[in-house]
$ cat coords.cif   # mmCIF, N, CA, C and O atoms
data_data
#
loop_
_atom_site.label_atom_id
_atom_site.label_comp_id
_atom_site.auth_asym_id
_atom_site.auth_seq_id
_atom_site.Cartn_x
_atom_site.Cartn_y
_atom_site.Cartn_z
N MET A 8 4.84 55.53 39.75
CA MET A 8 6.06 56.06 40.31
C MET A 8 6.58 55.08 41.37
O MET A 8 5.87 54.71 42.27
N GLN A 9 7.82 54.64 41.23
CA GLN A 9 8.44 53.66 42.14
C GLN A 9 9.27 54.39 43.20
O GLN A 9 10.05 55.28 42.90
N HIS A 10 9.08 54.02 44.47
CA HIS A 10 9.84 54.61 45.58
C HIS A 10 10.38 53.46 46.40
O HIS A 10 9.73 52.98 47.32
N SER A 11 11.55 53.00 46.07
CA SER A 11 12.16 51.85 46.71
C SER A 11 12.26 52.01 48.21
O SER A 11 12.81 52.98 48.71
N GLY A 12 11.71 51.05 48.92
CA GLY A 12 11.86 51.00 50.37
C GLY A 12 10.90 51.88 51.15
O GLY A 12 10.91 51.86 52.37
N ILE A 13 10.07 52.65 50.49
CA ILE A 13 9.12 53.51 51.19
C ILE A 13 7.71 53.02 50.89
O ILE A 13 7.31 52.91 49.74
N ALA A 14 6.97 52.73 51.95
CA ALA A 14 5.62 52.19 51.80
C ALA A 14 4.71 53.18 51.08
O ALA A 14 4.82 54.40 51.29
N PRO A 15 3.79 52.67 50.26
CA PRO A 15 2.88 53.55 49.51
C PRO A 15 2.09 54.51 50.40
O PRO A 15 1.86 55.66 50.02
N GLU A 16 1.70 54.07 51.59
CA GLU A 16 0.95 54.96 52.47
C GLU A 16 1.81 56.12 52.99
O GLU A 16 1.30 57.22 53.22
N LYS A 17 3.13 55.90 53.11
CA LYS A 17 4.02 57.00 53.49
C LYS A 17 4.18 57.97 52.33
O LYS A 17 4.20 59.19 52.54
N ILE A 18 4.27 57.45 51.12
CA ILE A 18 4.35 58.32 49.94
C ILE A 18 3.10 59.18 49.88
O ILE A 18 3.17 60.39 49.66
N ALA A 19 1.95 58.59 50.11
CA ALA A 19 0.69 59.35 50.11
C ALA A 19 0.73 60.42 51.19
O ALA A 19 0.29 61.56 50.95
N ALA A 20 1.25 60.10 52.36
CA ALA A 20 1.35 61.09 53.43
C ALA A 20 2.27 62.23 53.03
O ALA A 20 1.95 63.40 53.27
N TYR A 21 3.42 61.91 52.42
CA TYR A 21 4.34 62.96 51.96
C TYR A 21 3.64 63.89 50.97
O TYR A 21 3.78 65.10 51.02
N LEU A 22 2.89 63.30 50.04
CA LEU A 22 2.22 64.09 49.01
C LEU A 22 1.10 64.96 49.58
O LEU A 22 0.74 65.97 48.98
N ASN A 23 0.56 64.58 50.73
CA ASN A 23 -0.53 65.33 51.34
C ASN A 23 -0.08 66.23 52.48
O ASN A 23 -0.91 66.78 53.20
N THR A 24 1.22 66.38 52.65
CA THR A 24 1.77 67.20 53.74
C THR A 24 2.03 68.61 53.27
O THR A 24 2.46 68.85 52.15
N ASP A 25 1.75 69.57 54.14
CA ASP A 25 2.12 70.96 53.91
C ASP A 25 3.50 71.17 54.51
O ASP A 25 3.69 71.01 55.72
N TYR A 26 4.48 71.50 53.67
CA TYR A 26 5.84 71.79 54.12
C TYR A 26 5.98 73.30 54.24
O TYR A 26 5.21 74.05 53.66
N ARG A 27 6.96 73.76 55.01
CA ARG A 27 7.14 75.20 55.19
C ARG A 27 8.58 75.56 54.91
O ARG A 27 9.50 74.86 55.31
N PHE A 28 8.76 76.70 54.24
CA PHE A 28 10.08 77.21 53.90
C PHE A 28 10.19 78.63 54.39
O PHE A 28 9.30 79.44 54.16
N GLY A 29 11.27 78.96 55.09
CA GLY A 29 11.48 80.31 55.57
C GLY A 29 11.24 80.42 57.06
O GLY A 29 11.16 79.42 57.77
N ARG A 30 11.07 81.68 57.51
CA ARG A 30 10.87 81.94 58.94
C ARG A 30 9.89 83.09 59.12
O ARG A 30 9.83 84.00 58.30
N GLY A 31 9.18 83.06 60.24
CA GLY A 31 8.30 84.15 60.63
C GLY A 31 7.32 84.55 59.54
O GLY A 31 6.68 83.71 58.92
N ALA A 32 7.25 85.86 59.29
CA ALA A 32 6.32 86.39 58.29
C ALA A 32 6.70 85.95 56.88
O ALA A 32 5.89 86.02 55.97
N GLU A 33 7.94 85.49 56.70
CA GLU A 33 8.43 85.05 55.39
C GLU A 33 8.14 83.57 55.12
O GLU A 33 8.57 83.03 54.12
N LEU A 34 7.43 82.91 56.03
CA LEU A 34 7.16 81.49 55.91
C LEU A 34 6.29 81.19 54.69
O LEU A 34 5.21 81.78 54.54
N LEU A 35 6.76 80.31 53.81
CA LEU A 35 6.03 79.94 52.60
C LEU A 35 5.54 78.50 52.71
O LEU A 35 6.30 77.61 53.06
N PRO A 36 4.26 78.26 52.40
CA PRO A 36 3.75 76.89 52.40
C PRO A 36 4.12 76.19 51.09
O PRO A 36 4.01 76.78 50.02
N LEU A 37 4.59 74.97 51.18
CA LEU A 37 4.97 74.20 49.99
C LEU A 37 4.26 72.85 50.00
O LEU A 37 4.03 72.26 51.06
N ARG A 38 3.92 72.36 48.81
CA ARG A 38 3.37 71.01 48.63
C ARG A 38 4.07 70.39 47.44
O ARG A 38 4.39 71.07 46.47
N ILE A 39 4.31 69.10 47.51
CA ILE A 39 4.93 68.38 46.41
C ILE A 39 4.05 68.50 45.17
O ILE A 39 2.82 68.36 45.26
N ASP A 40 4.68 68.76 44.03
CA ASP A 40 4.00 68.87 42.73
C ASP A 40 3.01 70.02 42.64
O ASP A 40 2.10 70.00 41.80
N THR A 41 3.17 71.04 43.47
CA THR A 41 2.29 72.21 43.43
C THR A 41 3.15 73.46 43.37
O THR A 41 4.03 73.66 44.20
N ARG A 42 2.91 74.30 42.38
CA ARG A 42 3.67 75.54 42.21
C ARG A 42 3.34 76.52 43.34
O ARG A 42 2.18 76.72 43.67
N CYS A 43 4.36 77.13 43.90
CA CYS A 43 4.21 78.16 44.93
C CYS A 43 4.62 79.50 44.31
O CYS A 43 5.79 79.72 44.03
N GLU A 44 3.63 80.36 44.05
CA GLU A 44 3.90 81.63 43.38
C GLU A 44 4.85 82.50 44.19
O GLU A 44 5.72 83.17 43.62
N ALA A 45 4.71 82.51 45.51
CA ALA A 45 5.60 83.32 46.35
C ALA A 45 7.05 82.84 46.22
O ALA A 45 7.98 83.65 46.16
N LEU A 46 7.25 81.54 46.14
CA LEU A 46 8.59 81.00 45.97
C LEU A 46 9.13 81.33 44.57
O LEU A 46 10.30 81.66 44.42
N ALA A 47 8.27 81.26 43.57
CA ALA A 47 8.69 81.63 42.20
C ALA A 47 9.14 83.09 42.16
O ALA A 47 10.15 83.40 41.51
N ARG A 48 8.44 83.97 42.86
CA ARG A 48 8.85 85.38 42.92
C ARG A 48 10.18 85.53 43.64
O ARG A 48 11.04 86.32 43.23
N LEU A 49 10.39 84.76 44.71
CA LEU A 49 11.66 84.80 45.43
C LEU A 49 12.80 84.34 44.52
O LEU A 49 13.86 84.98 44.49
N TYR A 50 12.60 83.26 43.78
CA TYR A 50 13.62 82.80 42.83
C TYR A 50 13.94 83.90 41.82
O TYR A 50 15.10 84.20 41.56
N ALA A 51 12.90 84.48 41.24
CA ALA A 51 13.10 85.51 40.22
C ALA A 51 13.86 86.71 40.78
O ALA A 51 14.77 87.23 40.12
N SER A 52 13.54 87.12 41.99
CA SER A 52 14.19 88.30 42.56
C SER A 52 15.64 88.03 42.96
O SER A 52 16.45 88.95 43.06
N SER A 53 15.98 86.75 43.18
CA SER A 53 17.34 86.39 43.59
C SER A 53 18.18 85.84 42.44
O SER A 53 19.34 85.50 42.64
N GLY A 54 17.58 85.73 41.24
CA GLY A 54 18.30 85.23 40.09
C GLY A 54 18.39 83.72 40.02
O GLY A 54 19.16 83.18 39.23
N HIS A 55 17.60 83.02 40.81
CA HIS A 55 17.59 81.56 40.79
C HIS A 55 16.36 81.06 40.02
O HIS A 55 15.35 81.75 39.93
N SER A 56 16.45 79.85 39.50
CA SER A 56 15.32 79.28 38.77
C SER A 56 14.75 78.03 39.43
O SER A 56 13.71 77.54 39.02
N CYS A 57 15.45 77.52 40.45
CA CYS A 57 14.95 76.33 41.12
C CYS A 57 15.63 76.20 42.48
O CYS A 57 16.54 76.95 42.81
N GLY A 58 15.16 75.24 43.26
CA GLY A 58 15.73 75.00 44.58
C GLY A 58 15.46 73.57 45.01
O GLY A 58 14.81 72.80 44.31
N VAL A 59 15.96 73.23 46.18
CA VAL A 59 15.80 71.88 46.73
C VAL A 59 15.39 72.01 48.18
O VAL A 59 15.90 72.86 48.91
N TYR A 60 14.46 71.20 48.60
CA TYR A 60 14.03 71.15 49.99
C TYR A 60 14.70 69.92 50.60
O TYR A 60 14.43 68.79 50.20
N ILE A 61 15.60 70.15 51.56
CA ILE A 61 16.32 69.05 52.20
C ILE A 61 16.06 69.11 53.69
O ILE A 61 16.15 70.17 54.30
N THR A 62 15.77 67.97 54.28
CA THR A 62 15.58 67.89 55.72
C THR A 62 16.19 66.60 56.24
O THR A 62 16.23 65.60 55.53
N ALA A 63 16.67 66.66 57.45
CA ALA A 63 17.17 65.46 58.11
C ALA A 63 16.15 64.93 59.11
O ALA A 63 16.40 63.94 59.79
N CYS A 64 15.01 65.58 59.19
CA CYS A 64 13.98 65.21 60.17
C CYS A 64 13.25 63.93 59.76
O CYS A 64 12.96 63.72 58.59
N ASN A 65 12.95 63.12 60.74
CA ASN A 65 12.13 61.92 60.57
C ASN A 65 12.55 61.10 59.34
O ASN A 65 11.77 60.91 58.41
N PRO A 66 13.80 60.62 59.33
CA PRO A 66 14.29 59.89 58.16
C PRO A 66 13.41 58.70 57.79
O PRO A 66 12.96 57.95 58.65
N LEU A 67 13.15 58.59 56.48
CA LEU A 67 12.27 57.56 55.91
C LEU A 67 10.90 57.54 56.57
O LEU A 67 10.23 56.52 56.65
N GLY A 68 10.48 58.71 57.07
CA GLY A 68 9.16 58.83 57.67
C GLY A 68 9.04 58.26 59.07
O GLY A 68 7.94 58.15 59.60
N GLU A 69 10.15 57.89 59.67
CA GLU A 69 10.13 57.36 61.03
C GLU A 69 10.16 58.52 62.02
O GLU A 69 11.12 59.29 62.05
N LEU A 70 9.10 58.65 62.80
CA LEU A 70 8.97 59.75 63.74
C LEU A 70 10.11 59.76 64.75
O LEU A 70 10.44 58.73 65.33
N GLN A 71 10.75 60.92 64.89
CA GLN A 71 11.84 61.12 65.85
C GLN A 71 11.41 62.20 66.84
O GLN A 71 10.51 62.99 66.56
N SER A 72 12.09 62.26 67.97
CA SER A 72 11.80 63.31 68.94
C SER A 72 12.28 64.66 68.39
O SER A 72 13.10 64.72 67.47
N ARG A 73 11.80 65.72 68.98
CA ARG A 73 12.23 67.07 68.59
C ARG A 73 13.74 67.20 68.73
O ARG A 73 14.41 67.75 67.86
N GLU A 74 14.29 66.68 69.82
CA GLU A 74 15.73 66.76 70.07
C GLU A 74 16.52 66.00 69.01
O GLU A 74 17.54 66.48 68.52
N GLU A 75 16.05 64.79 68.65
CA GLU A 75 16.73 64.01 67.61
C GLU A 75 16.69 64.73 66.26
O GLU A 75 17.69 64.78 65.54
N ASN A 76 15.52 65.30 65.92
CA ASN A 76 15.39 66.03 64.66
C ASN A 76 16.29 67.27 64.65
O ASN A 76 16.93 67.56 63.64
N GLU A 77 16.33 68.00 65.76
CA GLU A 77 17.18 69.20 65.81
C GLU A 77 18.65 68.84 65.68
O GLU A 77 19.40 69.52 64.98
N ALA A 78 19.08 67.75 66.33
CA ALA A 78 20.47 67.31 66.22
C ALA A 78 20.78 66.87 64.79
O ALA A 78 21.84 67.19 64.25
N ALA A 79 19.86 66.15 64.17
CA ALA A 79 20.07 65.69 62.79
C ALA A 79 20.13 66.89 61.84
O ALA A 79 20.97 66.92 60.93
N GLN A 80 19.27 67.88 62.05
CA GLN A 80 19.29 69.09 61.21
C GLN A 80 20.61 69.83 61.37
O GLN A 80 21.18 70.32 60.39
N ALA A 81 21.11 69.91 62.60
CA ALA A 81 22.39 70.59 62.85
C ALA A 81 23.53 69.87 62.14
O ALA A 81 24.40 70.51 61.55
N ARG A 82 23.52 68.53 62.17
CA ARG A 82 24.56 67.77 61.46
C ARG A 82 24.47 67.99 59.96
O ARG A 82 25.48 68.18 59.29
N LEU A 83 23.26 68.00 59.42
CA LEU A 83 23.07 68.25 57.99
C LEU A 83 23.56 69.63 57.63
O LEU A 83 24.27 69.81 56.63
N ALA A 84 23.20 70.64 58.42
CA ALA A 84 23.65 72.01 58.14
C ALA A 84 25.16 72.09 58.14
O ALA A 84 25.76 72.74 57.28
N ALA A 85 25.80 71.42 59.10
CA ALA A 85 27.27 71.44 59.18
C ALA A 85 27.88 70.77 57.95
O ALA A 85 28.86 71.27 57.38
N GLU A 86 27.30 69.65 57.51
CA GLU A 86 27.81 68.96 56.32
C GLU A 86 27.67 69.83 55.08
O GLU A 86 28.59 69.93 54.26
N LEU A 87 26.50 70.46 54.92
CA LEU A 87 26.28 71.32 53.75
C LEU A 87 27.22 72.52 53.78
O LEU A 87 27.77 72.90 52.75
N GLN A 88 27.42 73.09 54.95
CA GLN A 88 28.33 74.23 55.07
C GLN A 88 29.76 73.82 54.73
O GLN A 88 30.47 74.54 54.03
N ALA A 89 30.17 72.63 55.19
CA ALA A 89 31.51 72.14 54.89
C ALA A 89 31.70 71.94 53.39
O ALA A 89 32.80 72.09 52.87
N LEU A 90 30.63 71.60 52.70
CA LEU A 90 30.69 71.41 51.25
C LEU A 90 30.55 72.72 50.49
O LEU A 90 30.66 72.75 49.26
N GLY A 91 30.30 73.80 51.22
CA GLY A 91 30.15 75.09 50.58
C GLY A 91 28.79 75.30 49.95
O GLY A 91 28.63 76.12 49.05
N ILE A 92 27.82 74.55 50.41
CA ILE A 92 26.46 74.64 49.87
C ILE A 92 25.60 75.49 50.77
O ILE A 92 25.56 75.31 51.95
#

$ encode --input "coords.cif" --output "structure tokens"
Amino acid sequence: MQHSGIAPEKIAAYLNTDYRFGRGAELLPLRIDTRCEALARLYASSGHSCGVYITACNPLGELQSREENEAAQARLAAELQALGI
């Protein structure tokens, strides 16, 4: 698998990271290439068959401060909202 511009050790880190979707008691753990049964049930109950995990945090794996990540997430949310997504 080719990942232009991203070092192999960062790809390995991404693949070994636990991602989280949702909030509070609804928080779902996600891993790349691993099926999440709770998420599959959520899709089925909402009439969806797939989804996308998008984040503006730590672009290209470069660690950013909490404030920088929050600002980047807010900009991404505004862009997606403007697009009607």

$ atom_distance --input "coords.cif" --atom1 "CA of Ala63 (chain A)" --atom2 "CA of Pro36 (chain A)"
18.5 Å

$ atom_distance --input "coords.cif" --atom1 "atom C of Asn23 (chain A)" --atom2 "atom C of Ala45 (chain A)"
19.1 Å

$ select_by_dssp --input "coords.cif" --residues "chain A" --states "helix (DSSP H, G or I)" --output "number ranges by chain"
A: 15-22, 31-33, 44-53, 66-68, 73-89

$ atom_distance --input "coords.cif" --atom1 "atom N of Cys57 (chain A)" --atom2 "atom O of Ala79 (chain A)"
23.7 Å

$ residues_around --input "coords.cif" --residues "Thr24 (chain A)" --least-positions-apart "3" --cutoff "6 Å" --atoms "all atoms listed in the file" --output "PyMOL selection string"
chain A and resi 19-21+37-39

$ closest_residue --input "coords.cif" --among "A:Thr41, A:Asp25, A:Thr62, A:Leu35" --to "Gln80 (chain A)" --atoms "all atoms listed in the file"
A:Thr62

$ axis_aligned_box --input "coords.cif" --around "region 26-42 of chain A" --padding-each-side "5 Å" --output "AutoDock Vina command-line options"
--center_x 6.8 --center_y 77.4 --center_z 51.2 --size_x 19.4 --size_y 28.0 --size_z 28.8

$ resolve_selection --input "coords.cif" --expression "the PyMOL selection byres ((chain A and resi 64) around 7)" --output "CSV table (one decimal) with N, CA, C and O atoms, in the coordinates of the input"
chain,number,residue,atom,x,y,z
A,61,ILE,N,15.6,70.2,51.6
A,61,ILE,CA,16.3,69.0,52.2
A,61,ILE,C,16.1,69.1,53.7
A,61,ILE,O,16.2,70.2,54.3
A,62,THR,N,15.8,68.0,54.3
A,62,THR,CA,15.6,67.9,55.7
A,62,THR,C,16.2,66.6,56.2
A,62,THR,O,16.2,65.6,55.5
A,63,ALA,N,16.7,66.7,57.4
A,63,ALA,CA,17.2,65.5,58.1
A,63,ALA,C,16.2,64.9,59.1
A,63,ALA,O,16.4,63.9,59.8
A,65,ASN,N,13.0,63.1,60.7
A,65,ASN,CA,12.1,61.9,60.6
A,65,ASN,C,12.6,61.1,59.3
A,65,ASN,O,11.8,60.9,58.4
A,66,PRO,N,13.8,60.6,59.3
A,66,PRO,CA,14.3,59.9,58.2
A,66,PRO,C,13.4,58.7,57.8
A,66,PRO,O,13.0,58.0,58.6
A,67,LEU,N,13.2,58.6,56.5
A,67,LEU,CA,12.3,57.6,55.9
A,67,LEU,C,10.9,57.5,56.6
A,67,LEU,O,10.2,56.5,56.6
A,68,GLY,N,10.5,58.7,57.1
A,68,GLY,CA,9.2,58.8,57.7
A,68,GLY,C,9.0,58.3,59.1
A,68,GLY,O,7.9,58.2,59.6
A,69,GLU,N,10.2,57.9,59.7
A,69,GLU,CA,10.1,57.4,61.0
A,69,GLU,C,10.2,58.5,62.0
A,69,GLU,O,11.1,59.3,62.0
A,71,GLN,N,10.8,60.9,64.9
A,71,GLN,CA,11.8,61.1,65.8
A,71,GLN,C,11.4,62.2,66.8
A,71,GLN,O,10.5,63.0,66.6
A,75,GLU,N,16.0,64.8,68.6
A,75,GLU,CA,16.7,64.0,67.6
A,75,GLU,C,16.7,64.7,66.3
A,75,GLU,O,17.7,64.8,65.5
A,76,ASN,N,15.5,65.3,65.9
A,76,ASN,CA,15.4,66.0,64.7
A,76,ASN,C,16.3,67.3,64.6
A,76,ASN,O,16.9,67.6,63.6
A,77,GLU,N,16.3,68.0,65.8
A,77,GLU,CA,17.2,69.2,65.8
A,77,GLU,C,18.6,68.8,65.7
A,77,GLU,O,19.4,69.5,65.0
A,79,ALA,N,19.9,66.2,64.2
A,79,ALA,CA,20.1,65.7,62.8
A,79,ALA,C,20.1,66.9,61.8
A,79,ALA,O,21.0,66.9,60.9
A,80,GLN,N,19.3,67.9,62.0
A,80,GLN,CA,19.3,69.1,61.2
A,80,GLN,C,20.6,69.8,61.4
A,80,GLN,O,21.2,70.3,60.4

$ select_by_dssp --input "coords.cif" --residues "chain A" --states "strand (DSSP E)" --output "list in words"
Tyr26, Arg27, Phe28, Leu35, Pro36 and Leu37 of chain A

$ write_last_selection --input "coords.cif" --atoms "N, CA, C and O atoms" --output "PDB file, keeping the file's coordinate frame"
ATOM      1  N   TYR A  26       4.480  71.500  53.670  1.00  0.00           N
ATOM      2  CA  TYR A  26       5.840  71.790  54.120  1.00  0.00           C
ATOM      3  C   TYR A  26       5.980  73.300  54.240  1.00  0.00           C
ATOM      4  O   TYR A  26       5.210  74.050  53.660  1.00  0.00           O
ATOM      5  N   ARG A  27       6.960  73.760  55.010  1.00  0.00           N
ATOM      6  CA  ARG A  27       7.140  75.200  55.190  1.00  0.00           C
ATOM      7  C   ARG A  27       8.580  75.560  54.910  1.00  0.00           C
ATOM      8  O   ARG A  27       9.500  74.860  55.310  1.00  0.00           O
ATOM      9  N   PHE A  28       8.760  76.700  54.240  1.00  0.00           N
ATOM     10  CA  PHE A  28      10.080  77.210  53.900  1.00  0.00           C
ATOM     11  C   PHE A  28      10.190  78.630  54.390  1.00  0.00           C
ATOM     12  O   PHE A  28       9.300  79.440  54.160  1.00  0.00           O
ATOM     13  N   LEU A  35       6.760  80.310  53.810  1.00  0.00           N
ATOM     14  CA  LEU A  35       6.030  79.940  52.600  1.00  0.00           C
ATOM     15  C   LEU A  35       5.540  78.500  52.710  1.00  0.00           C
ATOM     16  O   LEU A  35       6.300  77.610  53.060  1.00  0.00           O
ATOM     17  N   PRO A  36       4.260  78.260  52.400  1.00  0.00           N
ATOM     18  CA  PRO A  36       3.750  76.890  52.400  1.00  0.00           C
ATOM     19  C   PRO A  36       4.120  76.190  51.090  1.00  0.00           C
ATOM     20  O   PRO A  36       4.010  76.780  50.020  1.00  0.00           O
ATOM     21  N   LEU A  37       4.590  74.970  51.180  1.00  0.00           N
ATOM     22  CA  LEU A  37       4.970  74.200  49.990  1.00  0.00           C
ATOM     23  C   LEU A  37       4.260  72.850  50.000  1.00  0.00           C
ATOM     24  O   LEU A  37       4.030  72.260  51.060  1.00  0.00           O
TER      25      LEU A  37
END

$ residues_around --input "coords.cif" --residues "Ile92 (chain A)" --least-positions-apart "4" --cutoff "12 Å" --atoms "only C-alpha atoms" --output "list in words"
Gly58, Val59, Ile61, Leu83, Ala84, Ala85, Glu86, Leu87 and Gln88 of chain A
